[in-house]
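Participant: Before anything else, here's the structure in question.
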12 protein chains.
Amino acid sequence: MPQRILVIHGPNLNLLGKREPEIYGHQTLDDINRSLQAIAEEHGITLDVFQSNHEGDIVDFIGGNMGSADGIVINPAAYTHTSVAIRDALTMTGLPVIEVHLSNVYQREVFRHHSYISPIATGIIAGLGVHSYTLALEGLLRIIRDV
Amino acid sequence: MPQRILVIHGPNLNLLGKREPEIYGHQTLDDINRSLQAIAEEHGITLDVFQSNHEGDIVDFIGGNMGSADGIVINPAAYTHTSVAIRDALTMTGLPVIEVHLSNVYQREVFRHHSYISPIATGIIAGLGVHSYTLALEGLLRIIRDV
Amino acid sequence: MPQRILVIHGPNLNLLGKREPEIYGHQTLDDINRSLQAIAEEHGITLDVFQSNHEGDIVDFIGGNMGSADGIVINPAAYTHTSVAIRDALTMTGLPVIEVHLSNVYQREVFRHHSYISPIATGIIAGLGVHSYTLALEGLLRIIRDV
Amino acid sequence: MPQRILVIHGPNLNLLGKREPEIYGHQTLDDINRSLQAIAEEHGITLDVFQSNHEGDIVDFIGGNMGSADGIVINPAAYTHTSVAIRDALTMTGLPVIEVHLSNVYQREVFRHHSYISPIATGIIAGLGVHSYTLALEGLLRIIRDV
Amino acid sequence: MPQRILVIHGPNLNLLGKREPEIYGHQTLDDINRSLQAIAEEHGITLDVFQSNHEGDIVDFIGGNMGSADGIVINPAAYTHTSVAIRDALTMTGLPVIEVHLSNVYQREVFRHHSYISPIATGIIAGLGVHSYTLALEGLLRIIRDV
Amino acid sequence: MPQRILVIHGPNLNLLGKREPEIYGHQTLDDINRSLQAIAEEHGITLDVFQSNHEGDIVDFIGGNMGSADGIVINPAAYTHTSVAIRDALTMTGLPVIEVHLSNVYQREVFRHHSYISPIATGIIAGLGVHSYTLALEGLLRIIRDV
Amino acid sequence: MPQRILVIHGPNLNLLGKREPEIYGHQTLDDINRSLQAIAEEHGITLDVFQSNHEGDIVDFIGGNMGSADGIVINPAAYTHTSVAIRDALTMTGLPVIEVHLSNVYQREVFRHHSYISPIATGIIAGLGVHSYTLALEGLLRIIRDV
Amino acid sequence: MPQRILVIHGPNLNLLGKREPEIYGHQTLDDINRSLQAIAEEHGITLDVFQSNHEGDIVDFIGGNMGSADGIVINPAAYTHTSVAIRDALTMTGLPVIEVHLSNVYQREVFRHHSYISPIATGIIAGLGVHSYTLALEGLLRIIRDV
Amino acid sequence: MPQRILVIHGPNLNLLGKREPEIYGHQTLDDINRSLQAIAEEHGITLDVFQSNHEGDIVDFIGGNMGSADGIVINPAAYTHTSVAIRDALTMTGLPVIEVHLSNVYQREVFRHHSYISPIATGIIAGLGVHSYTLALEGLLRIIRDV
Amino acid sequence: MPQRILVIHGPNLNLLGKREPEIYGHQTLDDINRSLQAIAEEHGITLDVFQSNHEGDIVDFIGGNMGSADGIVINPAAYTHTSVAIRDALTMTGLPVIEVHLSNVYQREVFRHHSYISPIATGIIAGLGVHSYTLALEGLLRIIRDV
Amino acid sequence: MPQRILVIHGPNLNLLGKREPEIYGHQTLDDINRSLQAIAEEHGITLDVFQSNHEGDIVDFIGGNMGSADGIVINPAAYTHTSVAIRDALTMTGLPVIEVHLSNVYQREVFRHHSYISPIATGIIAGLGVHSYTLALEGLLRIIRDV
Amino acid sequence: MPQRILVIHGPNLNLLGKREPEIYGHQTLDDINRSLQAIAEEHGITLDVFQSNHEGDIVDFIGGNMGSADGIVINPAAYTHTSVAIRDALTMTGLPVIEVHLSNVYQREVFRHHSYISPIATGIIAGLGVHSYTLALEGLLRIIRDV
């Protein structure tokens, strides 16, 4: 059975490519998902992609899929800075988690410099735009392979 | 086509007028909406009124209506102090936003002195009870007219 | 008419007993609810038990049931540290509230030492595992009886 | 006898419209006062308008007029952040006070995020340019009428 | 041989029921001790009750009895916030400790929000008045029984 | 030649006895000055009494009288917390200074707990109402006599 | 029956006049007590003087004498900065309390700038050496007389 | 027409050379002004020298002269640390400003390490005594010449 | 001419693989460099690899090579948290910089959570062990290609 | 007459060697005292050894013996972090004081990183277990000899 | 023998005029040194100019030349904010030190507002570009001449 | 083969005995090294003594000698407060480390109260002048012998 990776996009990422391209770039979420799907196919793994603006939905999704997944790529977006619930859900999975940010959060408002997710993530990739996602998936696969 | 303003009421405001009148006054949310509607009719604009206790619903509503609106009046209530997601959604609209508070938040607990919304709002009106809302709508209309 | 107590379980508690037993113990949420139900029957009261991973759902539940309840036992879990909306909803009920934590939050991360709920709760019970819940219900009943 | 409102303009506002229009707009203090006067006439009230760069003068003015006034609209400008004396004078009047700011202070330097006046004001209006003043006067009149 | 529990009352608790009943209630320390004794007899255990206004006496008492006790219920009162010595003594016993507070310390001065004892206690019960003590003893017995 | 003491009253103290008697009491500034004058006559010294709402006036007064005075009693009122200029003027006199407060500043807002004057004063008397002044003058005379 | 005042001297004050005269002056505790006794005789009141290096003894003394006293003069010395227990005991008496310091604590280490006693004291007198005590007793008598 | 420089001396500088020479040196303000005048003459420019103990006077002076000046040398003295009004006035001029301090403020009290003026000044010169002023004027002239 | 990338290893990384493998893994710096070299060859670019324990050497290296390089991969190790000089050197190059950390710095001491480099880096990759380096190089190449 | 050194052991040190040997080691207080006694005899000096769990007792002991001692070795244990009274007593002796800690306090809880004693001690020795004591005594003797 | 001044340029200043001219201007370090040399010749003094990117080299240079120098002009650049070693070396020289900054550090990142050097410098000159250096040298010469 | 101890002296210690003797005493580094050598010979061990003003050199020295040493005595001087690189190097050795300071750092500037080295050192000795070194070496030998 192929390995299965959860890809989670946080709030407002459904608007990607449509607003504030000087911060987030011009690619849409579909573009990103296609790039990730291409990598997945190349490695023979399954992706389960999920986007929500609801903290509770993301917690539900993590809790509901933890038994059948091998790793998580998550861009928690705004919830990076405010959600202990998502942190707790991720911790409970016991899975390797890569936290992704399109922009370099350290060049933005001070409150974006703190992440509730980072201390419980395996790795963090930020500031590389869409490449943050593709590098995260590639890195997660290398880590799973290493274990 | 008439201008269209989003009016957003945050969590627990559905209970307005029923609880803690010494802080929030005796008027209900329906009373407020009726006052706003009267102003709207007077100016020949359309109001799109929304109340939710769910952060994600508010984010959905903002993101889903940004293309067809000309301005936003929002009382983020408790989410004023905890929601980066609503802030990000508001920022993405590129619309003028007036932040409203019924009570004077500076006379309440210290954590209510900080707003995630204020730095990205156009204007802030607080402490005037129901008049905070009506002044906000009137002010928003004057700003839209100025541009 | 029998007294009615709301029992509210916050995010990720649906996974109780399945993950991180070294922190939260081996009992499931059903086990806890059964223990609470036994106490309720012994005292001839009604329990209304609710679990959700959604902050907004918990706010809805509190607001929607405040008129028909006599007290609240709540384990806000992750929302303890991040939800002003649940705090406001609890305050609006005017009911006695007992805040419950399975683990001793003071032995965990610093951000778990702060609770938005404690200042508006009647009492706090933490660190006694499942007994935190049963003692909370027993304590709430004694307080209601005292009044 | 008609109601009487004190309108107080703090330091450097005499230069309004002549400097830094990107922050404060192009209207002069006279323009603002004319707009306020028009509202006053419409409502049949008297305005007593005062501008000073001297903290002590503003304290003198408040203390000297408190007995004959029904409310205060004040833009404390720089003294917002540094004057306990003006705060104390305003508190002593026991009158409703609306604090006004032309610009959104939360988009400027951090020291402008703190106001000595806000905790003792009735209401606060900021960021709406000249409309901050007119809305403040209209709001103050509605509040006086409500009492 | 019956199990033996140490019950420790900190400074000024000898005055309980005589002063500030709006904070601490009307029951005296003797009333509390009688309630605890009743529970002890019901469970066939021995209580060793101690009150002192002296930090050093409490340290002496803990150190002198640690070998012959099975658990500790302590209301450290003012020493909650200032005594590292009592914390160290409690830690050295290796016994389960329940920290008790009559009032909800989070509704009082900020310095009462910090406890030197909580991080080394097994559990904490606060805000339930005299019931804080009885629930603490019952909870301690359940914990000892669980082990 | 008789000794000469400067008595300085800070901003808003001209309103004493007319406003907020629950904080400042019912006596007027004239009442206080009469009490001080009585003590002065009893000891055969001269008082030079000054009140101003203007920081600059107080600085002028201190600088202009330093050569001819033997000590200073000052109630800096609001300028206690905001005036480095008055502090510097007082320091430059090299005279004994007693800082006076009618109310107990530690029972009021946090910003009133800090005084720019205290570190350069000889002594501080607060919270005894009008007696703060009379004790300050008596204390100052004892200190001058001690030297 | 004559009024009775408790005079409490905190830790190390037994060494007064023998050590560090540049901070505390040359007078001994006996000298101070004699000065206070003279004032007491003049006013026909009784003094109950107590010195201890033990926090618990001071708490015992306050609790044990509260019923028969009319006011308290206390120099808490080092316990000013560390004792919540003495604060709580003083609060429980419901008596007027004057806090005394020989030296100006604001000219010493930063930790001496904070007092647990000041917020619950009636008045504070500091920096006037032995006169701090005599003024405190005189002030306390005036306050008792005012009531 | 010759260039015109405003030279502004803040509070208490009228006493220069008369008090605390160990901090500020023995030269008087007249001495300083003579030195500056000599430089001005040498360069064929006009100086407009102003000293005041009044924050409002300094704001008036800056606002009233901004149109006819080419640069400002200011020693804000105590107002360095407390005046946003002077900062705002200086900013509004749009002129090059050199902030001057006679003493090295970093060797004095912590509150003197923060300047409201520095972030809006062109340059800062401190600690060189009277030379701070002469270097400031020379530096200002070089900067004006560079532009 | 092939593109040229600077790869910079900070202090103590020469000991990699020999010490604390539970934090840094078992691979040596040579292993890492070989992996990076393989990627470089695959993409037809040149790597210039440099390791030093000397902050000044790293500053020299960056300044000396900025003209001939197209991007920088740097693991600043301990200097991440203490070197403004390296930050300034990197900024001056104007080149894309990827900051690399082998371990997840957010799971280590608090002082490791702050990086002087992140705010001026293009992207950050941490916690993926040796893969942090290879992903950084791959990411840098994609970014250079995007421009 | 032989030199006399006070050796003071703070709270809970009577339990040394019986509890938490992983922090404090296996040696008892008697073992330590014997080691110190051996050094004392070797150097022909007298030791006066004292242990107490009571802050007040330690203050009494220091004050009562200051006249007849030549130096102090003190392990203040928990009172290191909470006792200003012991600090003041030590300061008053004017004797050289060596502060001793068995464990490395910087590897323990943050509140143990602050010592009220260190700023008034001559020297500090920590983390060397029982050797902390013997080195402290040897160091103290060398210092006394140097003077 | 002519007086001898050390001129020390910190890290990255070798790149001056080549990078980020909007912050540092267009002049190179050679230009600055030539300007300084001209002043030196005019006054008949010797300059010993040194630039290094190595903290240790700067410490070596200061320590190695302290005996033969009469004053120091130093632009510590990045080491301003991070080097205690350079501060200690400068202090040890006992020479007058003028700290120089080309840019106004108060208009840049917050970490640049703190200088380890300022509290031990004689004077500070910042924000005047190359003139900061020339004024510093002229000021230093005046100070040496004053002594 | 004899045991081998590294003795490391940080920046500016080469100037010891030549500058600021009121802080560091009159003995030179050679004097200290001779005292240490005498102890080494007495115990039949080898010392490897190193002084540098360069952080990188100290890191090099530690890394280069870790395999052949049995313990380290280090006075990091200024690098105590600023060097994570030396901390990391010391940690990597896995050797017992004694941190030495000649002066009592707690009587000096606040920034000297924090040490990057203490949390990873075995023991700390400060304030005993040259004896800090000799006691450190003796203590280190006792610890090595204990293991």
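Residue numbering restarts at 1 in every chain; chains get A, B, ... in the order shown in the structure tokens, and ligands count up from 1 in that same order.
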Do you know which residues are at most 8 Å from segment 121-135 of chain I counting only C-alpha atoms, after dropping those on the same chain fewer than 2 positions away, and could you put them as a ChimeraX atom specification?
Facilitator: /A:104,122-128,135,139,142-143 /I:24-25,27,32,35-36,39,73,96-105,117-119,137-139
Participant: Going by DSSP on the backbone, which residues of segment 91-140 of chain C come out as alpha helix (DSSP H)? List them as a VMD selection string.
Facilitator: chain C and resid 91 to 93 130 to 140
Participant: Grab the residues selected above and save them as an mmCIF file, in the first residue's frame with N, CA and C atoms.
Facilitator:
data_model
loop_
_atom_site.group_PDB
_atom_site.id
_atom_site.type_symbol
_atom_site.label_atom_id
_atom_site.label_comp_id
_atom_site.auth_asym_id
_atom_site.auth_seq_id
_atom_site.Cartn_x
_atom_site.Cartn_y
_atom_site.Cartn_z
ATOM 1 N N THR C 91 -19.281 33.826 30.671
ATOM 2 C CA THR C 91 -19.634 34.961 31.532
ATOM 3 C C THR C 91 -21.091 35.357 31.363
ATOM 4 N N MET C 92 -21.536 35.337 30.117
ATOM 5 C CA MET C 92 -22.906 35.773 29.838
ATOM 6 C C MET C 92 -23.957 34.868 30.472
ATOM 7 N N THR C 93 -23.613 33.596 30.713
ATOM 8 C CA THR C 93 -24.600 32.682 31.301
ATOM 9 C C THR C 93 -24.930 33.056 32.735
ATOM 10 N N VAL C 130 -8.902 11.736 35.468
ATOM 11 C CA VAL C 130 -10.357 11.609 35.365
ATOM 12 C C VAL C 130 -11.050 12.118 36.626
ATOM 13 N N HIS C 131 -10.374 11.998 37.758
ATOM 14 C CA HIS C 131 -10.978 12.485 39.007
ATOM 15 C C HIS C 131 -11.203 13.999 38.960
ATOM 16 N N SER C 132 -10.449 14.722 38.136
ATOM 17 C CA SER C 132 -10.710 16.160 37.997
ATOM 18 C C SER C 132 -12.166 16.384 37.606
ATOM 19 N N TYR C 133 -12.646 15.557 36.669
ATOM 20 C CA TYR C 133 -14.027 15.683 36.217
ATOM 21 C C TYR C 133 -15.043 15.324 37.306
ATOM 22 N N THR C 134 -14.831 14.191 37.923
ATOM 23 C CA THR C 134 -15.844 13.747 38.900
ATOM 24 C C THR C 134 -15.871 14.684 40.104
ATOM 25 N N LEU C 135 -14.700 15.128 40.533
ATOM 26 C CA LEU C 135 -14.668 16.089 41.646
ATOM 27 C C LEU C 135 -15.319 17.404 41.230
ATOM 28 N N ALA C 136 -15.138 17.793 39.982
ATOM 29 C CA ALA C 136 -15.722 19.046 39.508
ATOM 30 C C ALA C 136 -17.238 18.971 39.554
ATOM 31 N N LEU C 137 -17.780 17.860 39.099
ATOM 32 C CA LEU C 137 -19.243 17.718 39.116
ATOM 33 C C LEU C 137 -19.755 17.686 40.556
ATOM 34 N N GLU C 138 -19.067 16.932 41.405
ATOM 35 C CA GLU C 138 -19.469 16.879 42.822
ATOM 36 C C GLU C 138 -19.365 18.261 43.465
ATOM 37 N N GLY C 139 -18.286 18.974 43.141
ATOM 38 C CA GLY C 139 -18.106 20.313 43.708
ATOM 39 C C GLY C 139 -19.169 21.277 43.212
ATOM 40 N N LEU C 140 -19.491 21.183 41.943
ATOM 41 C CA LEU C 140 -20.506 22.069 41.373
ATOM 42 C C LEU C 140 -21.855 21.833 42.064
#
Participant: Find the distance between atom CA of Gly71 of chain C and atom CA of Pro21 of chain E and write it in Å to one decimal.
Facilitator: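 Separating atom CA of Gly71 of chain C from atom CA of Pro21 of chain E is a distance of 23.4 Å.
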Participant: Near chain B, meaning an atom within 7 Å, which residues of chain C appear when counting only C-alpha atoms? Write them as a PyMOL selection string.
Facilitator: chain C and resi 55-56+59-60+82+84-85+89+92
Participant: Using Å and a single decimal, report how far atom CA of Arg145 of chain J sits from atom CA of Gln3 of chain J.
Facilitator: 10.6 Å
Participant: Can you list every residue in chain L that DSSP puts in strand (DSSP E), as a list in words?
Facilitator: Arg4, Ile5, Leu6, Val7, Ile8, His9, Thr46, Leu47, Asp48, Val49, Phe50, Gln51, Gly71, Ile72, Val73, Ile74, Asn75, Val97, Ile98, Glu99, Val100, His101, Gly123, Ile124, Ile125 and Ala126 of chain L
